[in-house]
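Working notes, beginning with the structure itself.
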Amino acid sequence: MLNEKLHSYIEGLISERNLLFTEMENYASVHNVPIMELSGIETMLQLLRIHDSKKILEVGTAIGYSALRMAEALPNAQIVTIERDVDRIHLAEQFISRSEHSHQITLIKGDALEVEDAVSGHASFDAIFIDAAKGQYKKFFEIYSKYLTNNGMIITDNVLFKGLVAEPVIETKRIRNLVKKINEFNHWLMNHPDFDSVILPVGDGVAISKRRGDRI
Ligand SMILES: C[S@@+](CC[C@H](N)C(=O)[O-])C[C@H]1O[C@@H](n2cnc3c(N)ncnc32)[C@H](O)[C@@H]1O
């Protein structure tokens, strides 16, 4: 989102991750697994540290990269994470088992639209991270915001979708439909009566939503 030079400058200042994370980043890059972009995840981790989140729900585990990054950044936090893809579940289990933070992570296997009962057994959550099928963001938000603490926040990734949300014309029908859904979600979110939200132009676009307190 920033110009290339500044983007590279900032990424160049981010310290190297440990060996397991570097292996996961390489795996994701080689096998086209869409893990969160570096500047996006660093921003999210810093927000979670400031917030001192203790119980985090993640929708969209992939290979477990962001779940493990959150666990490492917040050693007192528990992370419940949902994934539906069988191959990715298998990979996530393998990577997570190799980490000293594995005890902080509970992986729920199944479609996030169908595992609410299993997730609710772990509620409540003081942070929710939505990073799964982009066309379903509103549904994920509606289902799981019920389990957010009063002081909780919801972080949603990919809300600027490589800048395509601001493009007037998109040739491919599938991408056009997806962009339409993300745009609808963004408008819905920014006008939500119960949440204050802001969209940060970092990574692939990260929305931060905070439940509104009682207003005097
Ligand atoms: C962008 S990746 C998650 C990346 C991960 N959060 C990270 O940064 O390391 C999205 C993942 O969500 C999963 N997913 C998509 N829709 C889902 C759904 N309805 N329920 C569960 N998982 C879903 C996909 O299989 C994919 O592995």
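Chain lettering (A, B, ...) mirrors the order of the structure tokens, residue numbering begins at 1 for each chain separately, and ligand numbering begins at 1 in order of display.
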Select the residues contacting ligand 1 at a distance of at most 6 Å, based on only C-alpha atoms and all ligand atoms, then format the selection as a ChimeraX atom specification. /A:34-36,60-62,64-66,82-85,110-113,131-133
Can you write out as JSON lines which residues of segment 105-140 of chain A fall within 7 Å of segment 181-197 of chain A, alongside each residue's closest atom pair and its distance in Å to one decimal, counting only C-alpha atoms and ordering rows by chain and ascending residue number?
```
{"residue": "A:Lys134", "atom": "CA", "partner": "A:Ile182", "partner_atom": "CA", "distance": 6.8}
{"residue": "A:Gly135", "atom": "CA", "partner": "A:Lys181", "partner_atom": "CA", "distance": 5.7}
{"residue": "A:Tyr137", "atom": "CA", "partner": "A:Phe185", "partner_atom": "CA", "distance": 6.9}
{"residue": "A:Lys138", "atom": "CA", "partner": "A:Phe185", "partner_atom": "CA", "distance": 5.9}
```
Keeping only C-alpha atoms, write the selected residues to a file as a CSV table (one decimal), in the first residue's frame.
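As a result, result-v1.csv now contains:
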```csv
chain,number,residue,atom,x,y,z
A,134,LYS,CA,-13.2,-13.4,1.9
A,135,GLY,CA,-16.7,-13.7,0.6
A,137,TYR,CA,-16.5,-12.2,6.3
A,138,LYS,CA,-19.8,-10.7,7.3
```
Nearest to Ile96 of chain A by atom-to-atom distance, counting only C-alpha atoms, from A:Phe140, A:Lys210, A:Leu20, A:Gly163: A:Leu20
What are the closest atom pairs, with distances in Å to one decimal, for all residues of segment 132-204 of chain A lying within 9 Å of segment 123-128 of chain A? Consider only C-alpha atoms, order rows by chain and residue number, and present the result as CSV.
```
residue,atom,partner,partner_atom,distance
A:Phe141,CA,A:Ile128,CA,8.9
A:Tyr144,CA,A:Ile128,CA,7.9
A:Ser145,CA,A:Ile128,CA,7.8
A:Lys146,CA,A:Ser124,CA,8.7
A:Tyr147,CA,A:Ser124,CA,5.0
A:Leu148,CA,A:Phe125,CA,5.0
A:Thr149,CA,A:Asp126,CA,5.2
A:Asn150,CA,A:Asp126,CA,7.9
A:Asn151,CA,A:Asp126,CA,6.8
A:Gly152,CA,A:Asp126,CA,4.2
A:Met153,CA,A:Ala127,CA,5.0
A:Ile154,CA,A:Ile128,CA,4.7
A:Ile155,CA,A:Ile128,CA,6.1
A:Thr156,CA,A:Ile128,CA,8.3
```
Selection export as a JSON list (two decimals), in the first residue's frame, atoms kept: all heavy atoms:
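Full text of again28.json as output:
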```json
[["chain", "number", "residue", "atom", "x", "y", "z"],
["A", 141, "PHE", "N", -18.14, -12.62, 11.03],
["A", 141, "PHE", "CA", -18.22, -11.52, 12.01],
["A", 141, "PHE", "C", -19.50, -11.64, 12.82],
["A", 141, "PHE", "O", -19.49, -11.52, 14.05],
["A", 141, "PHE", "CB", -18.17, -10.18, 11.25],
["A", 141, "PHE", "CG", -17.87, -8.98, 12.12],
["A", 141, "PHE", "CD1", -16.61, -8.40, 12.12],
["A", 141, "PHE", "CD2", -18.85, -8.43, 12.94],
["A", 141, "PHE", "CE1", -16.33, -7.29, 12.92],
["A", 141, "PHE", "CE2", -18.58, -7.32, 13.73],
["A", 141, "PHE", "CZ", -17.32, -6.75, 13.72],
["A", 144, "TYR", "N", -19.36, -14.88, 15.20],
["A", 144, "TYR", "CA", -18.41, -14.96, 16.31],
["A", 144, "TYR", "C", -18.31, -13.69, 17.15],
["A", 144, "TYR", "O", -17.81, -13.76, 18.28],
["A", 144, "TYR", "CB", -17.04, -15.43, 15.79],
["A", 144, "TYR", "CG", -17.15, -16.88, 15.34],
["A", 144, "TYR", "CD1", -17.05, -17.24, 14.00],
["A", 144, "TYR", "CD2", -17.43, -17.88, 16.27],
["A", 144, "TYR", "CE1", -17.21, -18.56, 13.60],
["A", 144, "TYR", "CE2", -17.60, -19.20, 15.88],
["A", 144, "TYR", "CZ", -17.49, -19.54, 14.55],
["A", 144, "TYR", "OH", -17.67, -20.85, 14.16],
["A", 145, "SER", "N", -18.82, -12.57, 16.67],
["A", 145, "SER", "CA", -18.79, -11.36, 17.51],
["A", 145, "SER", "C", -19.65, -11.55, 18.77],
["A", 145, "SER", "O", -19.46, -10.86, 19.77],
["A", 145, "SER", "CB", -19.22, -10.11, 16.73],
["A", 145, "SER", "OG", -20.49, -10.30, 16.17],
["A", 146, "LYS", "N", -20.57, -12.53, 18.72],
["A", 146, "LYS", "CA", -21.39, -12.83, 19.91],
["A", 146, "LYS", "C", -20.51, -13.26, 21.08],
["A", 146, "LYS", "O", -20.92, -13.15, 22.23],
["A", 146, "LYS", "CB", -22.34, -14.00, 19.59],
["A", 146, "LYS", "CG", -23.49, -13.64, 18.71],
["A", 146, "LYS", "CD", -24.43, -14.83, 18.55],
["A", 146, "LYS", "CE", -23.89, -15.75, 17.49],
["A", 146, "LYS", "NZ", -24.72, -16.75, 16.92],
["A", 147, "TYR", "N", -19.36, -13.82, 20.77],
["A", 147, "TYR", "CA", -18.50, -14.39, 21.81],
["A", 147, "TYR", "C", -17.34, -13.46, 22.18],
["A", 147, "TYR", "O", -16.37, -13.89, 22.81],
["A", 147, "TYR", "CB", -17.98, -15.76, 21.35],
["A", 147, "TYR", "CG", -19.11, -16.68, 21.01],
["A", 147, "TYR", "CD1", -19.45, -16.95, 19.68],
["A", 147, "TYR", "CD2", -19.90, -17.25, 22.02],
["A", 147, "TYR", "CE1", -20.52, -17.76, 19.36],
["A", 147, "TYR", "CE2", -20.98, -18.06, 21.70],
["A", 147, "TYR", "CZ", -21.28, -18.31, 20.38],
["A", 147, "TYR", "OH", -22.35, -19.10, 20.08],
["A", 148, "LEU", "N", -17.47, -12.20, 21.78],
["A", 148, "LEU", "CA", -16.41, -11.23, 22.06],
["A", 148, "LEU", "C", -16.70, -10.55, 23.41],
["A", 148, "LEU", "O", -17.84, -10.18, 23.69],
["A", 148, "LEU", "CB", -16.39, -10.18, 20.94],
["A", 148, "LEU", "CG", -15.24, -9.18, 20.95],
["A", 148, "LEU", "CD1", -13.92, -9.88, 20.60],
["A", 148, "LEU", "CD2", -15.50, -8.05, 19.94],
["A", 149, "THR", "N", -15.67, -10.39, 24.22],
["A", 149, "THR", "CA", -15.85, -9.68, 25.50],
["A", 149, "THR", "C", -16.18, -8.21, 25.23],
["A", 149, "THR", "O", -15.93, -7.69, 24.12],
["A", 149, "THR", "CB", -14.57, -9.74, 26.35],
["A", 149, "THR", "OG1", -13.51, -9.17, 25.57],
["A", 149, "THR", "CG2", -14.21, -11.15, 26.75],
["A", 150, "ASN", "N", -16.70, -7.52, 26.23],
["A", 150, "ASN", "CA", -17.07, -6.11, 26.05],
["A", 150, "ASN", "C", -15.91, -5.26, 25.59],
["A", 150, "ASN", "O", -16.06, -4.33, 24.82],
["A", 150, "ASN", "CB", -17.62, -5.54, 27.36],
["A", 150, "ASN", "CG", -19.05, -5.98, 27.56],
["A", 150, "ASN", "OD1", -19.71, -6.41, 26.61],
["A", 150, "ASN", "ND2", -19.52, -5.91, 28.79],
["A", 151, "ASN", "N", -14.73, -5.60, 26.09],
["A", 151, "ASN", "CA", -13.56, -4.80, 25.76],
["A", 151, "ASN", "C", -12.79, -5.37, 24.57],
["A", 151, "ASN", "O", -11.67, -4.96, 24.28],
["A", 151, "ASN", "CB", -12.65, -4.74, 26.99],
["A", 151, "ASN", "CG", -11.68, -3.59, 26.91],
["A", 151, "ASN", "OD1", -11.99, -2.56, 26.32],
["A", 151, "ASN", "ND2", -10.49, -3.79, 27.46],
["A", 152, "GLY", "N", -13.43, -6.32, 23.87],
["A", 152, "GLY", "CA", -12.71, -7.05, 22.84],
["A", 152, "GLY", "C", -12.57, -6.32, 21.52],
["A", 152, "GLY", "O", -13.22, -5.31, 21.26],
["A", 153, "MET", "N", -11.68, -6.86, 20.67],
["A", 153, "MET", "CA", -11.54, -6.29, 19.33],
["A", 153, "MET", "C", -11.54, -7.38, 18.28],
["A", 153, "MET", "O", -11.18, -8.53, 18.56],
["A", 153, "MET", "CB", -10.27, -5.45, 19.22],
["A", 153, "MET", "CG", -9.01, -6.25, 19.29],
["A", 153, "MET", "SD", -7.60, -5.18, 18.89],
["A", 153, "MET", "CE", -6.27, -6.16, 19.55],
["A", 154, "ILE", "N", -11.97, -6.99, 17.09],
["A", 154, "ILE", "CA", -11.97, -7.94, 15.96],
["A", 154, "ILE", "C", -11.03, -7.39, 14.88],
["A", 154, "ILE", "O", -11.13, -6.21, 14.50],
["A", 154, "ILE", "CB", -13.39, -8.13, 15.41],
["A", 154, "ILE", "CG1", -14.32, -8.67, 16.51],
["A", 154, "ILE", "CG2", -13.36, -9.09, 14.20],
["A", 154, "ILE", "CD1", -15.72, -9.02, 16.08],
["A", 155, "ILE", "N", -10.13, -8.25, 14.45],
["A", 155, "ILE", "CA", -9.17, -7.85, 13.41],
["A", 155, "ILE", "C", -9.53, -8.63, 12.15],
["A", 155, "ILE", "O", -9.68, -9.86, 12.20],
["A", 155, "ILE", "CB", -7.73, -8.19, 13.87],
["A", 155, "ILE", "CG1", -7.42, -7.42, 15.16],
["A", 155, "ILE", "CG2", -6.72, -7.89, 12.78],
["A", 155, "ILE", "CD1", -6.19, -7.92, 15.89],
["A", 156, "THR", "N", -9.69, -7.93, 11.05],
["A", 156, "THR", "CA", -10.06, -8.60, 9.80],
["A", 156, "THR", "C", -9.00, -8.30, 8.74],
["A", 156, "THR", "O", -8.70, -7.12, 8.48],
["A", 156, "THR", "CB", -11.43, -8.11, 9.30],
["A", 156, "THR", "OG1", -12.36, -8.12, 10.39],
["A", 156, "THR", "CG2", -11.96, -8.99, 8.19]]
```
Any idea what's packed within 12 Å of His7 of chain A, counting only C-alpha atoms, ignoring anything in its chain fewer than 4 positions away? Could you give it as an mmCIF file with N, CA and C atoms, in the first residue's frame?
```
data_model
loop_
_atom_site.group_PDB
_atom_site.id
_atom_site.type_symbol
_atom_site.label_atom_id
_atom_site.label_comp_id
_atom_site.auth_asym_id
_atom_site.auth_seq_id
_atom_site.Cartn_x
_atom_site.Cartn_y
_atom_site.Cartn_z
ATOM 1 N N MET A 1 0.841 -1.199 0.000
ATOM 2 C CA MET A 1 0.000 0.000 0.000
ATOM 3 C C MET A 1 0.887 1.265 0.000
ATOM 4 N N LEU A 2 1.990 1.199 0.781
ATOM 5 C CA LEU A 2 2.938 2.302 0.763
ATOM 6 C C LEU A 2 3.722 2.216 -0.544
ATOM 7 N N ASN A 3 4.518 3.267 -0.856
ATOM 8 C CA ASN A 3 5.317 3.064 -2.057
ATOM 9 C C ASN A 3 6.373 1.990 -1.789
ATOM 10 N N GLU A 11 10.032 -3.297 5.948
ATOM 11 C CA GLU A 11 10.185 -4.753 6.080
ATOM 12 C C GLU A 11 11.630 -5.131 6.406
ATOM 13 N N GLY A 12 12.577 -4.328 5.865
ATOM 14 C CA GLY A 12 13.992 -4.584 6.136
ATOM 15 C C GLY A 12 14.343 -4.366 7.593
ATOM 16 N N LEU A 13 13.554 -3.572 8.301
ATOM 17 C CA LEU A 13 13.824 -3.301 9.717
ATOM 18 C C LEU A 13 13.199 -4.342 10.649
ATOM 19 N N ILE A 14 12.291 -5.158 10.106
ATOM 20 C CA ILE A 14 11.633 -6.164 10.950
ATOM 21 C C ILE A 14 12.622 -7.298 11.194
ATOM 22 N N GLU A 37 0.517 -11.106 5.375
ATOM 23 C CA GLU A 37 1.719 -10.379 4.964
ATOM 24 C C GLU A 37 2.468 -9.868 6.196
ATOM 25 N N LEU A 38 3.786 -9.753 6.036
ATOM 26 C CA LEU A 38 4.654 -9.432 7.171
ATOM 27 C C LEU A 38 4.256 -8.140 7.900
ATOM 28 N N SER A 39 4.060 -7.049 7.150
ATOM 29 C CA SER A 39 3.739 -5.783 7.826
ATOM 30 C C SER A 39 2.361 -5.863 8.488
ATOM 31 N N GLY A 40 1.466 -6.646 7.896
ATOM 32 C CA GLY A 40 0.132 -6.824 8.483
ATOM 33 C C GLY A 40 0.211 -7.587 9.789
ATOM 34 N N PRO A 201 -4.007 0.751 6.104
ATOM 35 C CA PRO A 201 -3.439 0.310 4.817
ATOM 36 C C PRO A 201 -2.085 -0.371 4.998
ATOM 37 N N VAL A 202 -2.056 -1.416 5.808
ATOM 38 C CA VAL A 202 -0.827 -2.210 5.976
ATOM 39 C C VAL A 202 -1.122 -3.617 5.476
ATOM 40 N N GLY A 203 -0.060 -4.297 5.040
ATOM 41 C CA GLY A 203 -0.249 -5.649 4.505
ATOM 42 C C GLY A 203 -1.283 -5.616 3.402
#
```
Which polymer residues have any atom within 7 Å of an atom of Ile105 of chain A, counting only C-alpha atoms, with same-chain residues fewer than 6 positions away left out, as a PyMOL selection string? chain A and resi 78-80
For the selection you just gave me, I'd like the residues written to a file as a short mmCIF file (atom, residue, chain, number, x, y, z; two decimals), in the first residue's frame, keeping C-alpha atoms.
```cif
data_model
loop_
_atom_site.label_atom_id
_atom_site.label_comp_id
_atom_site.auth_asym_id
_atom_site.auth_seq_id
_atom_site.Cartn_x
_atom_site.Cartn_y
_atom_site.Cartn_z
CA GLN A 78 -4.67 -19.14 24.47
CA ILE A 79 -5.50 -19.32 20.78
CA VAL A 80 -8.44 -21.21 19.33
#
```
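For the set A:Leu74, A:Leu178, A:Val59, A:Val33, the residue with the smallest atom-to-atom gap to Phe129 of chain A is A:Val59, counting only C-alpha atoms.
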Per-residue DSSP, segment 79-184 of chain A, filtered to helix (DSSP H, G or I), as a PyMOL selection string: chain A and resi 86-97+102-104+116-120+134-147+161-166+173-184
So that I have them on file, write out the residues from the current selection with N, CA and C atoms, as a compact mmCIF listing (two decimals), in the first residue's frame.
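Output file selection18.txt follows:
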```
# COMPACT_ATOMS: atom_id res chain seq x y z
N VAL A 86 -8.43 -30.16 4.83
CA VAL A 86 -7.82 -31.33 5.50
C VAL A 86 -6.29 -31.32 5.38
N ASP A 87 -5.78 -31.00 4.20
CA ASP A 87 -4.32 -31.00 4.02
C ASP A 87 -3.66 -29.94 4.90
N ARG A 88 -4.31 -28.77 4.95
CA ARG A 88 -3.72 -27.69 5.77
C ARG A 88 -3.81 -28.02 7.26
N ILE A 89 -4.90 -28.68 7.65
CA ILE A 89 -5.03 -29.09 9.06
C ILE A 89 -3.84 -29.98 9.42
N HIS A 90 -3.54 -30.92 8.52
CA HIS A 90 -2.45 -31.86 8.76
C HIS A 90 -1.12 -31.11 8.90
N LEU A 91 -0.88 -30.18 7.99
CA LEU A 91 0.37 -29.40 8.04
C LEU A 91 0.42 -28.55 9.30
N ALA A 92 -0.72 -27.93 9.63
CA ALA A 92 -0.76 -27.06 10.83
C ALA A 92 -0.42 -27.90 12.07
N GLU A 93 -1.00 -29.10 12.14
CA GLU A 93 -0.74 -29.96 13.31
C GLU A 93 0.76 -30.28 13.41
N GLN A 94 1.35 -30.56 12.26
CA GLN A 94 2.78 -30.89 12.27
C GLN A 94 3.62 -29.70 12.72
N PHE A 95 3.35 -28.54 12.11
CA PHE A 95 4.15 -27.35 12.48
C PHE A 95 3.92 -26.99 13.95
N ILE A 96 2.65 -27.01 14.38
CA ILE A 96 2.35 -26.60 15.76
C ILE A 96 3.03 -27.54 16.75
N SER A 97 3.04 -28.84 16.43
CA SER A 97 3.63 -29.81 17.37
C SER A 97 5.13 -29.58 17.55
N SER A 102 3.03 -24.93 21.45
CA SER A 102 1.90 -25.76 21.00
C SER A 102 0.78 -25.85 22.05
N HIS A 103 1.17 -25.83 23.34
CA HIS A 103 0.16 -25.96 24.41
C HIS A 103 -0.81 -24.77 24.44
N GLN A 104 -0.48 -23.70 23.75
CA GLN A 104 -1.36 -22.52 23.75
C GLN A 104 -2.43 -22.58 22.65
N GLU A 116 -19.74 -23.52 15.23
CA GLU A 116 -20.01 -22.54 16.29
C GLU A 116 -20.13 -23.22 17.67
N ASP A 117 -20.81 -24.37 17.72
CA ASP A 117 -21.00 -25.03 19.02
C ASP A 117 -19.66 -25.39 19.66
N ALA A 118 -18.77 -25.94 18.84
CA ALA A 118 -17.45 -26.33 19.36
C ALA A 118 -16.68 -25.10 19.82
N VAL A 119 -16.80 -24.01 19.06
CA VAL A 119 -16.07 -22.79 19.40
C VAL A 119 -16.65 -22.16 20.67
N SER A 120 -17.96 -22.17 20.78
CA SER A 120 -18.60 -21.48 21.92
C SER A 120 -18.17 -22.11 23.25
N LYS A 134 -12.89 -14.85 1.91
CA LYS A 134 -13.21 -13.41 1.92
C LYS A 134 -14.69 -13.11 1.66
N GLY A 135 -15.32 -13.97 0.90
CA GLY A 135 -16.73 -13.74 0.59
C GLY A 135 -17.66 -13.95 1.78
N GLN A 136 -17.12 -14.53 2.86
CA GLN A 136 -17.96 -14.88 4.02
C GLN A 136 -17.67 -14.02 5.25
N TYR A 137 -16.91 -12.96 5.08
CA TYR A 137 -16.47 -12.18 6.25
C TYR A 137 -17.62 -11.70 7.13
N LYS A 138 -18.70 -11.25 6.47
CA LYS A 138 -19.82 -10.72 7.26
C LYS A 138 -20.41 -11.84 8.13
N LYS A 139 -20.53 -13.03 7.54
CA LYS A 139 -21.09 -14.16 8.31
C LYS A 139 -20.17 -14.52 9.48
N PHE A 140 -18.87 -14.59 9.23
CA PHE A 140 -17.94 -14.92 10.32
C PHE A 140 -18.08 -13.87 11.44
N PHE A 141 -18.14 -12.62 11.03
CA PHE A 141 -18.22 -11.52 12.01
C PHE A 141 -19.50 -11.64 12.82
N GLU A 142 -20.61 -11.90 12.12
CA GLU A 142 -21.91 -11.97 12.82
C GLU A 142 -21.95 -13.16 13.78
N ILE A 143 -21.45 -14.31 13.33
CA ILE A 143 -21.49 -15.51 14.19
C ILE A 143 -20.61 -15.31 15.42
N TYR A 144 -19.36 -14.88 15.20
CA TYR A 144 -18.41 -14.96 16.31
C TYR A 144 -18.31 -13.69 17.15
N SER A 145 -18.82 -12.57 16.67
CA SER A 145 -18.79 -11.36 17.51
C SER A 145 -19.65 -11.55 18.77
N LYS A 146 -20.57 -12.53 18.72
CA LYS A 146 -21.39 -12.83 19.91
C LYS A 146 -20.51 -13.26 21.08
N TYR A 147 -19.36 -13.82 20.77
CA TYR A 147 -18.50 -14.39 21.81
C TYR A 147 -17.34 -13.46 22.18
N PHE A 161 -7.73 -6.01 -0.25
CA PHE A 161 -7.55 -7.00 -1.32
C PHE A 161 -6.66 -6.51 -2.46
N LYS A 162 -5.41 -6.35 -2.15
CA LYS A 162 -4.37 -5.92 -3.11
C LYS A 162 -4.72 -4.59 -3.80
N GLY A 163 -5.50 -3.77 -3.14
CA GLY A 163 -5.87 -2.47 -3.71
C GLY A 163 -7.06 -2.55 -4.65
N LEU A 164 -7.56 -3.76 -4.91
CA LEU A 164 -8.63 -3.93 -5.92
C LEU A 164 -9.94 -3.28 -5.48
N VAL A 165 -10.14 -3.11 -4.16
CA VAL A 165 -11.39 -2.50 -3.69
C VAL A 165 -11.58 -1.08 -4.24
N ALA A 166 -10.48 -0.44 -4.63
CA ALA A 166 -10.58 0.94 -5.12
C ALA A 166 -10.51 1.01 -6.65
N LYS A 173 -14.55 -12.03 -13.78
CA LYS A 173 -15.85 -12.04 -13.08
C LYS A 173 -15.71 -12.52 -11.63
N ARG A 174 -14.92 -13.59 -11.43
CA ARG A 174 -14.78 -14.16 -10.09
C ARG A 174 -14.18 -13.13 -9.13
N ILE A 175 -13.12 -12.45 -9.61
CA ILE A 175 -12.47 -11.44 -8.75
C ILE A 175 -13.42 -10.27 -8.53
N ARG A 176 -14.15 -9.88 -9.60
CA ARG A 176 -15.10 -8.76 -9.48
C ARG A 176 -16.14 -9.06 -8.39
N ASN A 177 -16.65 -10.29 -8.38
CA ASN A 177 -17.65 -10.67 -7.37
C ASN A 177 -17.07 -10.64 -5.96
N LEU A 178 -15.83 -11.11 -5.85
CA LEU A 178 -15.17 -11.13 -4.54
C LEU A 178 -14.94 -9.70 -4.03
N VAL A 179 -14.47 -8.85 -4.93
CA VAL A 179 -14.21 -7.45 -4.56
C VAL A 179 -15.52 -6.78 -4.13
N LYS A 180 -16.60 -7.10 -4.84
CA LYS A 180 -17.91 -6.55 -4.49
C LYS A 180 -18.28 -6.95 -3.05
N LYS A 181 -18.05 -8.22 -2.74
CA LYS A 181 -18.38 -8.71 -1.38
C LYS A 181 -17.51 -8.02 -0.33
N ILE A 182 -16.23 -7.85 -0.62
CA ILE A 182 -15.34 -7.19 0.36
C ILE A 182 -15.78 -5.74 0.54
N ASN A 183 -16.11 -5.09 -0.56
CA ASN A 183 -16.59 -3.70 -0.48
C ASN A 183 -17.86 -3.60 0.35
N GLU A 184 -18.76 -4.55 0.13
CA GLU A 184 -20.01 -4.55 0.91
C GLU A 184 -19.71 -4.76 2.39
```
List as a list in words the protein and nucleic acid residues near Asn158 of chain A, meaning an atom at most 7 Å away when only C-alpha atoms are counted, but skip any in the same chain fewer than 4 places from it. Asp204, Gly205 and Val206 of chain A
Keeping only N, CA, C and O atoms, write those residues as a compact mmCIF listing (two decimals), in the first residue's frame.
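Writing done, so here's selection-v8.txt:
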```
# COMPACT_ATOMS: atom_id res chain seq x y z
N ASP A 204 -2.29 -6.48 3.53
CA ASP A 204 -3.34 -6.52 2.51
C ASP A 204 -4.57 -5.72 2.96
O ASP A 204 -5.65 -5.87 2.40
N GLY A 205 -4.36 -4.83 3.95
CA GLY A 205 -5.49 -4.04 4.48
C GLY A 205 -6.06 -4.74 5.70
O GLY A 205 -6.55 -5.87 5.60
N VAL A 206 -5.95 -4.10 6.85
CA VAL A 206 -6.35 -4.72 8.10
C VAL A 206 -7.38 -3.83 8.79
O VAL A 206 -7.11 -2.65 9.03
```
Could you pull out the residues in segment 25-122 of chain A that DSSP calls strand (DSSP E or B) from the backbone, as a ChimeraX atom specification? /A:55-59,78-83,105-109
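For the atom pair formed by atom CA of Ile108 of chain A and atom CA of Thr81 of chain A, the distance is 5.9 Å, given to one decimal.
For the pair atom CA of Ile199 of chain A and atom CA of Ile41 of chain A, the interatomic distance is 14.3 Å.
Atom CA of Asp157 of chain A to atom CA of Leu47 of chain A spans 13.6 Å [interatomic distance, one decimal].
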Nearest residue to Ile56 of chain A out of A:Ala207, A:Val198, A:Val159, A:Met70, using only C-alpha atoms? A:Met70
